[in-house]
$ cat upload15.cif   # mmCIF, C-alpha atoms
data_my_file
loop_
_atom_site.group_PDB
_atom_site.id
_atom_site.type_symbol
_atom_site.label_atom_id
_atom_site.label_comp_id
_atom_site.auth_asym_id
_atom_site.auth_seq_id
_atom_site.Cartn_x
_atom_site.Cartn_y
_atom_site.Cartn_z
ATOM 1 C CA MET A 19 0.000 0.000 0.000
ATOM 2 C CA PRO A 20 1.474 3.382 -0.945
ATOM 3 C CA SER A 21 1.928 5.891 1.819
ATOM 4 C CA ARG A 22 -0.731 8.582 1.864
ATOM 5 C CA THR A 23 0.655 11.587 0.025
ATOM 6 C CA ASN A 24 -2.677 12.914 -1.264
ATOM 7 C CA PRO A 25 -5.098 15.011 0.791
ATOM 8 C CA LEU A 26 -7.980 13.247 2.501
ATOM 9 C CA ARG A 27 -11.293 14.122 0.826
ATOM 10 C CA TYR A 28 -14.878 13.167 1.626
ATOM 11 C CA GLY A 29 -17.779 12.812 -0.765
ATOM 12 C CA LEU A 30 -21.483 12.205 -0.290
ATOM 13 C CA LYS A 31 -22.904 9.364 -2.366
ATOM 14 C CA PHE A 32 -26.649 9.330 -3.006
ATOM 15 C CA SER A 33 -28.041 7.567 -6.048
ATOM 16 C CA GLN A 34 -30.783 9.425 -7.936
ATOM 17 C CA GLN A 35 -33.500 6.796 -7.642
ATOM 18 C CA VAL A 36 -36.660 6.103 -5.592
ATOM 19 C CA HIS A 37 -37.178 9.617 -4.217
ATOM 20 C CA PRO A 38 -38.713 12.633 -6.012
ATOM 21 C CA ILE A 39 -36.246 14.969 -7.678
ATOM 22 C CA GLY A 40 -36.830 17.655 -5.052
ATOM 23 C CA VAL A 41 -35.416 15.343 -2.376
ATOM 24 C CA HIS A 42 -32.252 14.863 -4.410
ATOM 25 C CA VAL A 43 -31.904 18.619 -4.927
ATOM 26 C CA ASP A 44 -32.187 19.166 -1.165
ATOM 27 C CA VAL A 45 -29.546 16.513 -0.458
ATOM 28 C CA TRP A 46 -27.131 18.106 -2.957
ATOM 29 C CA ARG A 47 -27.634 21.540 -1.425
ATOM 30 C CA THR A 48 -27.051 20.190 2.073
ATOM 31 C CA ALA A 49 -23.854 18.411 1.016
ATOM 32 C CA ASP A 50 -22.512 21.464 -0.808
ATOM 33 C CA ALA A 51 -23.235 23.812 2.106
ATOM 34 C CA ALA A 52 -21.673 21.368 4.585
ATOM 35 C CA GLY A 53 -18.385 21.369 2.695
ATOM 36 C CA PHE A 54 -18.264 17.861 1.236
ATOM 37 C CA ASP A 55 -15.507 17.714 -1.346
ATOM 38 C CA HIS A 56 -17.638 15.917 -3.927
ATOM 39 C CA ILE A 57 -21.173 14.587 -4.529
ATOM 40 C CA TRP A 58 -21.953 11.358 -6.389
ATOM 41 C CA PRO A 59 -25.067 10.050 -8.098
ATOM 42 C CA PHE A 60 -24.696 6.948 -10.313
ATOM 43 C CA ASP A 61 -25.402 5.867 -13.909
ATOM 44 C CA HIS A 62 -28.146 3.318 -14.593
ATOM 45 C CA LEU A 63 -31.225 2.995 -16.795
ATOM 46 C CA ILE A 64 -33.340 1.036 -14.310
ATOM 47 C CA ALA A 65 -33.366 1.173 -10.531
ATOM 48 C CA LEU A 66 -31.022 -1.101 -8.607
ATOM 49 C CA GLY A 67 -32.294 -3.121 -5.675
ATOM 50 C CA PRO A 68 -35.305 -5.362 -5.147
ATOM 51 C CA ASP A 69 -37.751 -3.248 -7.192
ATOM 52 C CA PRO A 70 -36.599 -2.487 -10.767
ATOM 53 C CA THR A 71 -39.806 -0.484 -11.329
ATOM 54 C CA ALA A 72 -38.762 2.202 -8.816
ATOM 55 C CA PRO A 73 -38.281 5.704 -10.266
ATOM 56 C CA ILE A 74 -34.781 6.603 -11.448
ATOM 57 C CA PHE A 75 -33.437 9.780 -13.055
ATOM 58 C CA ASP A 76 -30.620 10.165 -15.572
ATOM 59 C CA GLY A 77 -27.263 10.682 -13.883
ATOM 60 C CA TRP A 78 -25.598 13.056 -16.336
ATOM 61 C CA THR A 79 -28.664 15.278 -16.533
ATOM 62 C CA ALA A 80 -28.644 15.324 -12.739
ATOM 63 C CA LEU A 81 -25.015 16.479 -12.758
ATOM 64 C CA GLY A 82 -25.888 19.357 -15.067
ATOM 65 C CA ALA A 83 -28.590 20.439 -12.627
ATOM 66 C CA MET A 84 -26.252 19.955 -9.667
ATOM 67 C CA ALA A 85 -23.696 22.209 -11.330
ATOM 68 C CA ALA A 86 -26.242 25.029 -11.397
ATOM 69 C CA ILE A 87 -27.412 24.727 -7.787
ATOM 70 C CA THR A 88 -24.083 24.093 -6.016
ATOM 71 C CA LYS A 89 -21.165 26.428 -5.484
ATOM 72 C CA ARG A 90 -18.091 24.490 -4.407
ATOM 73 C CA ALA A 91 -18.537 20.713 -4.316
ATOM 74 C CA ARG A 92 -16.995 18.709 -7.117
ATOM 75 C CA MET A 93 -19.235 16.156 -8.805
ATOM 76 C CA GLY A 94 -19.283 12.951 -10.791
ATOM 77 C CA LEU A 95 -21.078 9.682 -11.398
ATOM 78 C CA ASN A 96 -19.889 6.700 -9.410
ATOM 79 C CA VAL A 97 -19.529 5.464 -12.066
ATOM 80 C CA THR A 98 -20.577 6.086 -15.678
ATOM 81 C CA GLY A 99 -21.337 2.942 -17.682
ATOM 82 C CA ASN A 100 -19.174 3.067 -20.785
ATOM 83 C CA LEU A 101 -21.577 0.991 -22.879
ATOM 84 C CA TYR A 102 -24.465 3.451 -22.696
ATOM 85 C CA ARG A 103 -22.851 6.118 -24.906
ATOM 86 C CA HIS A 104 -20.421 6.427 -27.789
ATOM 87 C CA PRO A 105 -17.157 8.086 -26.627
ATOM 88 C CA GLY A 106 -17.816 11.040 -28.946
ATOM 89 C CA LEU A 107 -21.107 11.737 -27.181
ATOM 90 C CA MET A 108 -19.675 10.954 -23.749
ATOM 91 C CA ALA A 109 -16.767 13.351 -24.239
ATOM 92 C CA LYS A 110 -19.222 16.111 -25.242
ATOM 93 C CA ILE A 111 -21.517 15.523 -22.252
ATOM 94 C CA ALA A 112 -18.572 15.569 -19.840
ATOM 95 C CA VAL A 113 -17.206 18.813 -21.288
ATOM 96 C CA THR A 114 -20.631 20.407 -20.963
ATOM 97 C CA VAL A 115 -20.854 19.504 -17.269
ATOM 98 C CA ASP A 116 -17.258 20.641 -16.728
ATOM 99 C CA HIS A 117 -18.205 24.071 -18.127
ATOM 100 C CA LEU A 118 -21.540 24.230 -16.282
ATOM 101 C CA SER A 119 -19.716 23.529 -13.010
ATOM 102 C CA ASN A 120 -16.795 25.876 -13.782
ATOM 103 C CA GLY A 121 -14.318 23.006 -13.743
ATOM 104 C CA ARG A 122 -15.694 20.887 -10.893
ATOM 105 C CA LEU A 123 -16.245 17.607 -12.753
ATOM 106 C CA GLU A 124 -14.700 14.329 -11.612
ATOM 107 C CA PHE A 125 -15.081 11.865 -14.494
ATOM 108 C CA GLY A 126 -15.981 8.448 -13.095
ATOM 109 C CA ILE A 127 -16.320 5.530 -15.510
ATOM 110 C CA GLY A 128 -16.434 1.732 -15.645
ATOM 111 C CA THR A 129 -17.254 -1.003 -18.138
ATOM 112 C CA GLY A 130 -20.991 -1.293 -17.382
ATOM 113 C CA TRP A 131 -22.224 -4.463 -15.715
ATOM 114 C CA ASN A 132 -25.995 -4.656 -15.190
ATOM 115 C CA GLU A 133 -27.063 -6.931 -18.055
ATOM 116 C CA PRO A 134 -30.862 -6.583 -17.562
ATOM 117 C CA GLU A 135 -30.594 -2.887 -18.456
ATOM 118 C CA PHE A 136 -29.206 -3.837 -21.844
ATOM 119 C CA THR A 137 -31.453 -6.786 -22.664
ATOM 120 C CA GLN A 138 -34.698 -4.941 -21.901
ATOM 121 C CA PHE A 139 -33.767 -2.149 -24.335
ATOM 122 C CA GLY A 140 -32.341 -4.472 -26.974
ATOM 123 C CA LEU A 141 -28.821 -3.129 -26.466
ATOM 124 C CA PRO A 142 -25.825 -5.399 -27.032
ATOM 125 C CA PHE A 143 -24.053 -6.661 -23.919
ATOM 126 C CA PRO A 144 -20.569 -7.822 -24.962
ATOM 127 C CA SER A 145 -18.399 -10.320 -23.120
ATOM 128 C CA ALA A 146 -16.451 -9.170 -20.063
ATOM 129 C CA GLY A 147 -13.218 -9.162 -22.056
ATOM 130 C CA ASP A 148 -14.711 -7.065 -24.840
ATOM 131 C CA ARG A 149 -16.177 -4.633 -22.325
ATOM 132 C CA VAL A 150 -12.696 -4.023 -20.898
ATOM 133 C CA THR A 151 -11.295 -3.464 -24.396
ATOM 134 C CA MET A 152 -14.147 -1.099 -25.202
ATOM 135 C CA LEU A 153 -13.467 0.952 -22.060
ATOM 136 C CA ASP A 154 -9.773 1.186 -22.897
ATOM 137 C CA GLU A 155 -10.560 2.323 -26.444
ATOM 138 C CA SER A 156 -13.210 4.755 -25.233
ATOM 139 C CA LEU A 157 -10.796 6.404 -22.799
ATOM 140 C CA ARG A 158 -8.118 6.690 -25.469
ATOM 141 C CA ALA A 159 -10.611 8.287 -27.856
ATOM 142 C CA MET A 160 -12.015 10.699 -25.267
ATOM 143 C CA LYS A 161 -8.558 11.868 -24.205
ATOM 144 C CA LEU A 162 -7.850 12.743 -27.831
ATOM 145 C CA LEU A 163 -11.176 14.560 -28.181
ATOM 146 C CA TRP A 164 -10.462 16.540 -25.019
ATOM 147 C CA SER A 165 -6.980 17.600 -26.080
ATOM 148 C CA GLU A 166 -6.492 17.600 -29.868
ATOM 149 C CA PRO A 167 -7.849 20.108 -32.438
ATOM 150 C CA ARG A 168 -8.914 17.094 -34.527
ATOM 151 C CA ALA A 169 -8.938 13.549 -33.230
ATOM 152 C CA THR A 170 -8.228 10.429 -35.263
ATOM 153 C CA TYR A 171 -8.383 6.990 -33.684
ATOM 154 C CA LYS A 172 -9.124 3.454 -34.845
ATOM 155 C CA GLY A 173 -9.701 0.540 -32.515
ATOM 156 C CA ARG A 174 -11.675 -2.690 -32.674
ATOM 157 C CA PHE A 175 -14.862 -1.029 -31.455
ATOM 158 C CA TYR A 176 -14.530 2.743 -31.853
ATOM 159 C CA GLU A 177 -13.236 5.009 -34.609
ATOM 160 C CA LEU A 178 -12.692 8.752 -34.902
ATOM 161 C CA LYS A 179 -11.998 10.383 -38.269
ATOM 162 C CA ASP A 180 -10.463 13.834 -37.953
ATOM 163 C CA ALA A 181 -13.141 14.529 -35.337
ATOM 164 C CA ILE A 182 -13.800 18.036 -34.011
ATOM 165 C CA ALA A 183 -14.709 18.400 -30.331
ATOM 166 C CA GLU A 184 -15.057 21.995 -29.150
ATOM 167 C CA PRO A 185 -14.893 23.470 -26.635
ATOM 168 C CA LYS A 186 -12.221 21.654 -24.651
ATOM 169 C CA PRO A 187 -12.704 21.006 -20.920
ATOM 170 C CA ILE A 188 -11.985 23.800 -18.471
ATOM 171 C CA GLN A 189 -9.761 21.333 -16.615
ATOM 172 C CA ARG A 190 -6.652 20.519 -18.629
ATOM 173 C CA PRO A 191 -5.759 18.181 -20.077
ATOM 174 C CA HIS A 192 -9.101 16.756 -18.904
ATOM 175 C CA PRO A 193 -11.168 16.256 -15.724
ATOM 176 C CA PRO A 194 -9.709 13.758 -13.244
ATOM 177 C CA ILE A 195 -10.547 10.217 -14.371
ATOM 178 C CA TRP A 196 -11.938 7.820 -11.765
ATOM 179 C CA ILE A 197 -12.183 4.159 -12.751
ATOM 180 C CA GLY A 198 -14.222 1.627 -10.803
ATOM 181 C CA SER A 199 -12.558 -1.766 -11.176
ATOM 182 C CA LYS A 200 -11.623 -5.059 -9.558
ATOM 183 C CA GLY A 201 -10.476 -7.632 -12.154
ATOM 184 C CA GLU A 202 -6.834 -8.131 -13.170
ATOM 185 C CA ARG A 203 -7.276 -6.622 -16.652
ATOM 186 C CA MET A 204 -9.246 -3.721 -15.231
ATOM 187 C CA LEU A 205 -6.558 -3.002 -12.651
ATOM 188 C CA ARG A 206 -3.994 -2.829 -15.462
ATOM 189 C CA LEU A 207 -6.318 -0.472 -17.360
ATOM 190 C CA THR A 208 -6.715 1.616 -14.199
ATOM 191 C CA ALA A 209 -2.956 1.902 -13.778
ATOM 192 C CA ARG A 210 -2.743 3.085 -17.378
ATOM 193 C CA HIS A 211 -5.566 5.649 -17.458
ATOM 194 C CA ALA A 212 -6.853 6.690 -14.026
ATOM 195 C CA ASP A 213 -6.154 9.525 -11.645
ATOM 196 C CA VAL A 214 -8.312 7.793 -9.017
ATOM 197 C CA TRP A 215 -9.185 4.123 -8.506
ATOM 198 C CA HIS A 216 -12.570 3.415 -6.924
ATOM 199 C CA SER A 217 -12.925 0.021 -5.280
ATOM 200 C CA ASN A 218 -16.051 -1.844 -6.290
ATOM 201 C CA ALA A 219 -15.066 -4.941 -4.312
ATOM 202 C CA PRO A 220 -17.911 -6.581 -2.340
ATOM 203 C CA THR A 221 -16.160 -6.126 1.026
ATOM 204 C CA PHE A 222 -13.717 -3.708 2.610
ATOM 205 C CA GLU A 223 -11.146 -6.486 3.071
ATOM 206 C CA GLU A 224 -11.310 -7.377 -0.617
ATOM 207 C CA GLY A 225 -10.905 -3.704 -1.486
ATOM 208 C CA VAL A 226 -7.718 -3.526 0.587
ATOM 209 C CA ALA A 227 -6.355 -6.617 -1.184
ATOM 210 C CA LEU A 228 -7.217 -5.140 -4.583
ATOM 211 C CA SER A 229 -5.453 -1.902 -3.685
ATOM 212 C CA LYS A 230 -2.294 -3.903 -3.041
ATOM 213 C CA ALA A 231 -2.728 -5.662 -6.386
ATOM 214 C CA LEU A 232 -3.097 -2.243 -7.991
ATOM 215 C CA ASP A 233 0.277 -1.245 -6.519
ATOM 216 C CA ALA A 234 1.835 -4.113 -8.455
ATOM 217 C CA ALA A 235 -0.025 -3.148 -11.649
ATOM 218 C CA CYS A 236 1.254 0.428 -11.328
ATOM 219 C CA THR A 237 4.831 -0.708 -10.764
ATOM 220 C CA LYS A 238 4.654 -2.997 -13.793
ATOM 221 C CA ALA A 239 3.334 -0.094 -15.882
ATOM 222 C CA GLY A 240 6.209 2.119 -14.717
ATOM 223 C CA ARG A 241 3.976 4.292 -12.559
ATOM 224 C CA ASP A 242 4.461 5.334 -8.937
ATOM 225 C CA PRO A 243 1.585 3.636 -7.046
ATOM 226 C CA ALA A 244 1.271 6.686 -4.788
ATOM 227 C CA SER A 245 0.315 8.802 -7.812
ATOM 228 C CA LEU A 246 -2.974 6.885 -8.145
ATOM 229 C CA ARG A 247 -5.443 8.003 -5.506
ATOM 230 C CA ARG A 248 -7.620 5.347 -3.859
ATOM 231 C CA SER A 249 -11.382 5.704 -3.303
ATOM 232 C CA ILE A 250 -13.939 3.585 -1.503
ATOM 233 C CA SER A 251 -17.570 3.901 -0.393
ATOM 234 C CA MET A 252 -18.471 3.765 3.296
ATOM 235 C CA ARG A 253 -22.038 3.470 4.508
ATOM 236 C CA LEU A 254 -23.231 6.010 7.094
ATOM 237 C CA THR A 255 -24.297 4.177 10.262
ATOM 238 C CA SER A 256 -24.063 5.461 13.824
ATOM 239 C CA PRO A 257 -21.583 8.310 14.380
ATOM 240 C CA GLU A 258 -19.134 6.217 16.398
ATOM 241 C CA GLU A 259 -19.285 3.246 14.049
ATOM 242 C CA THR A 260 -18.821 5.509 11.030
ATOM 243 C CA ILE A 261 -15.774 7.160 12.626
ATOM 244 C CA GLU A 262 -14.216 3.755 13.361
ATOM 245 C CA LYS A 263 -14.818 2.619 9.770
ATOM 246 C CA ALA A 264 -13.231 5.826 8.497
ATOM 247 C CA LYS A 265 -10.150 5.271 10.670
ATOM 248 C CA ALA A 266 -9.672 1.783 9.216
ATOM 249 C CA THR A 267 -10.222 3.088 5.699
ATOM 250 C CA ILE A 268 -7.618 5.832 6.100
ATOM 251 C CA ALA A 269 -5.150 3.395 7.667
ATOM 252 C CA ALA A 270 -5.558 1.174 4.579
ATOM 253 C CA GLY A 271 -4.394 4.031 2.330
ATOM 254 C CA PHE A 272 -7.690 5.308 0.909
ATOM 255 C CA THR A 273 -7.838 9.094 0.525
ATOM 256 C CA GLU A 274 -11.227 9.554 -1.186
ATOM 257 C CA ILE A 275 -14.046 8.340 1.076
ATOM 258 C CA LEU A 276 -17.600 8.384 -0.270
ATOM 259 C CA VAL A 277 -20.164 8.449 2.547
ATOM 260 C CA MET A 278 -23.262 6.551 1.388
ATOM 261 C CA ILE A 279 -26.608 7.692 2.762
ATOM 262 C CA GLY A 280 -28.794 5.310 0.733
ATOM 263 C CA GLY A 281 -28.777 1.701 -0.355
ATOM 264 C CA GLY A 282 -30.928 -0.466 -2.581
ATOM 265 C CA ASN A 283 -34.209 1.089 -3.628
ATOM 266 C CA VAL A 284 -36.398 0.621 -0.583
ATOM 267 C CA PRO A 285 -36.878 3.972 1.190
ATOM 268 C CA ALA A 286 -35.252 3.925 4.636
ATOM 269 C CA GLY A 287 -36.224 7.178 6.271
ATOM 270 C CA ASP A 288 -35.832 10.680 4.892
ATOM 271 C CA PRO A 289 -32.569 11.066 2.900
ATOM 272 C CA ARG A 290 -32.557 14.760 3.728
ATOM 273 C CA LYS A 291 -32.210 13.876 7.407
ATOM 274 C CA ARG A 292 -29.477 11.364 6.580
ATOM 275 C CA ALA A 293 -27.643 14.050 4.616
ATOM 276 C CA GLU A 294 -27.869 16.366 7.619
ATOM 277 C CA GLU A 295 -26.482 13.606 9.851
ATOM 278 C CA ALA A 296 -23.571 13.104 7.464
ATOM 279 C CA ALA A 297 -22.976 16.855 7.352
ATOM 280 C CA ALA A 298 -22.900 17.049 11.145
ATOM 281 C CA LEU A 299 -20.327 14.243 11.241
ATOM 282 C CA LEU A 300 -18.075 15.771 8.580
ATOM 283 C CA PRO A 301 -15.930 17.900 10.971
ATOM 284 C CA ARG A 302 -15.117 14.790 13.020
ATOM 285 C CA LEU A 303 -14.241 12.879 9.868
ATOM 286 C CA ARG A 304 -11.965 15.681 8.701
ATOM 287 C CA ALA A 305 -10.196 15.688 12.074
ATOM 288 C CA LEU A 306 -8.997 12.143 11.345
ATOM 289 C CA GLY A 307 -6.779 13.426 8.551
#

$ encode --input "upload15.cif" --output "structure tokens"
Amino acid sequence: MPSRTNPLRYGLKFSQQVHPIGVHVDVWRTADAAGFDHIWPFDHLIALGPDPTAPIFDGWTALGAMAAITKRARMGLNVTGNLYRHPGLMAKIAVTVDHLSNGRLEFGIGTGWNEPEFTQFGLPFPSAGDRVTMLDESLRAMKLLWSEPRATYKGRFYELKDAIAEPKPIQRPHPPIWIGSKGERMLRLTARHADVWHSNAPTFEEGVALSKALDAACTKAGRDPASLRRSISMRLTSPEETIEKAKATIAAGFTEILVMIGGGNVPAGDPRKRAEEAAALLPRLRALG
């Protein structure tokens, strides 16, 4: 595990499903006013959890709205599904949110995994190996679109032909790239492309083990492991339990901690109250760093 050389930052993670849009707006405003470093919806076409018929809003549209109603918090989707959009469109959407937020976008992305979302809309759902290749190609193409006057790229799945993409992001060369990953190939891809790795391991212990595997992937790629920030989600429980979980997370080398105030798609109390509880705990969390 690399020593912690990056600042400790806290985000609020609240997926834009189940509750009316006004509830989500209130949560974002609370998190921004409280001083959370970033706020995170997610990217899905149908609700996750036991009830797939629950309401769900589009994540990137939500980020555009969040950009207009917040002042300081950075923002991103944890994480964008690469398969939903062509990289030309995805690069354009991300640049738009980067401008709307005056350079506060954190660009989270992964391969896409929830097969029912694809089958119900008649969308192709490639093999796991192809999905990794597609993400690698997509990131290569988007980096070109974000930086070059005209972008040309040819891969197995995506092609750009002297493509124009204006304007460029406010953040140069591009917004920070967060990749959610856990497999061996994905860890190698993360070492190659990411500014931040987000653990999507099922347990904290598995996330710690994956972070160590990522160290090895970075070293093999000729990259200093400490240059790749580590992120993980942590569910808000009681104040004391949450503080103890944060201590263990920091000790394991994670510097981006996403405090989750929801889970599944069964309402569990008022999320606005949960956001206020997280906000009240934030000074104690910051004191740990």

$ residues_around --input "upload15.cif" --residues "region 85-102 of chain A" --least-positions-apart "5" --cutoff "7 Å" --atoms "all atoms listed in the file" --output "list in words"
Arg47, Asp50, Phe54, Asp55, His56, Ile57, Trp58, Pro59, Phe60, Asp61, Gly77, Leu118, Ser119, Arg122, Leu123, Glu124, Phe125, Gly126, Ile127, Gly128, Thr129, Gly130, Leu153 and Gly198 of chain A

$ resolve_selection --input "upload15.cif" --expression "the PyMOL selection byres ((chain A and resi 163) around 10)" --output "PyMOL selection string"
chain A and resi 105-106+109-110+157-162+164-171+178+180-187+192

$ closest_atom_pairs --input "upload15.cif" --of "region 236-291 of chain A" --to "region 26-45 of chain A" --cutoff "7 Å" --atoms "all atoms listed in the file" --output "Markdown table"
| residue | atom | partner | partner_atom | distance |
| --- | --- | --- | --- | --- |
| A:Thr273 | CA | A:Leu26 | CA | 4.6 |
| A:Glu274 | CA | A:Arg27 | CA | 5.0 |
| A:Ile275 | CA | A:Tyr28 | CA | 4.9 |
| A:Leu276 | CA | A:Gly29 | CA | 4.5 |
| A:Val277 | CA | A:Leu30 | CA | 4.9 |
| A:Met278 | CA | A:Lys31 | CA | 4.7 |
| A:Ile279 | CA | A:Phe32 | CA | 6.0 |
| A:Gly280 | CA | A:Phe32 | CA | 5.9 |
| A:Asn283 | CA | A:Val36 | CA | 5.9 |
| A:Arg290 | CA | A:Val45 | CA | 5.4 |

$ resolve_selection --input "upload15.cif" --expression "the PyMOL selection byres ((chain A and resi 238-242) around 12)" --output "ChimeraX atom specification"
/A:19-21,23,205-213,231-237,243-247

$ atom_distance --input "upload15.cif" --atom1 "CA of Ala219 (chain A)" --atom2 "CA of Pro289 (chain A)"
24.8 Å

$ atom_distance --input "upload15.cif" --atom1 "CA of Val115 (chain A)" --atom2 "CA of Gly82 (chain A)"
5.5 Å

$ atom_distance --input "upload15.cif" --atom1 "CA of Ala112 (chain A)" --atom2 "CA of Glu294 (chain A)"
29.0 Å
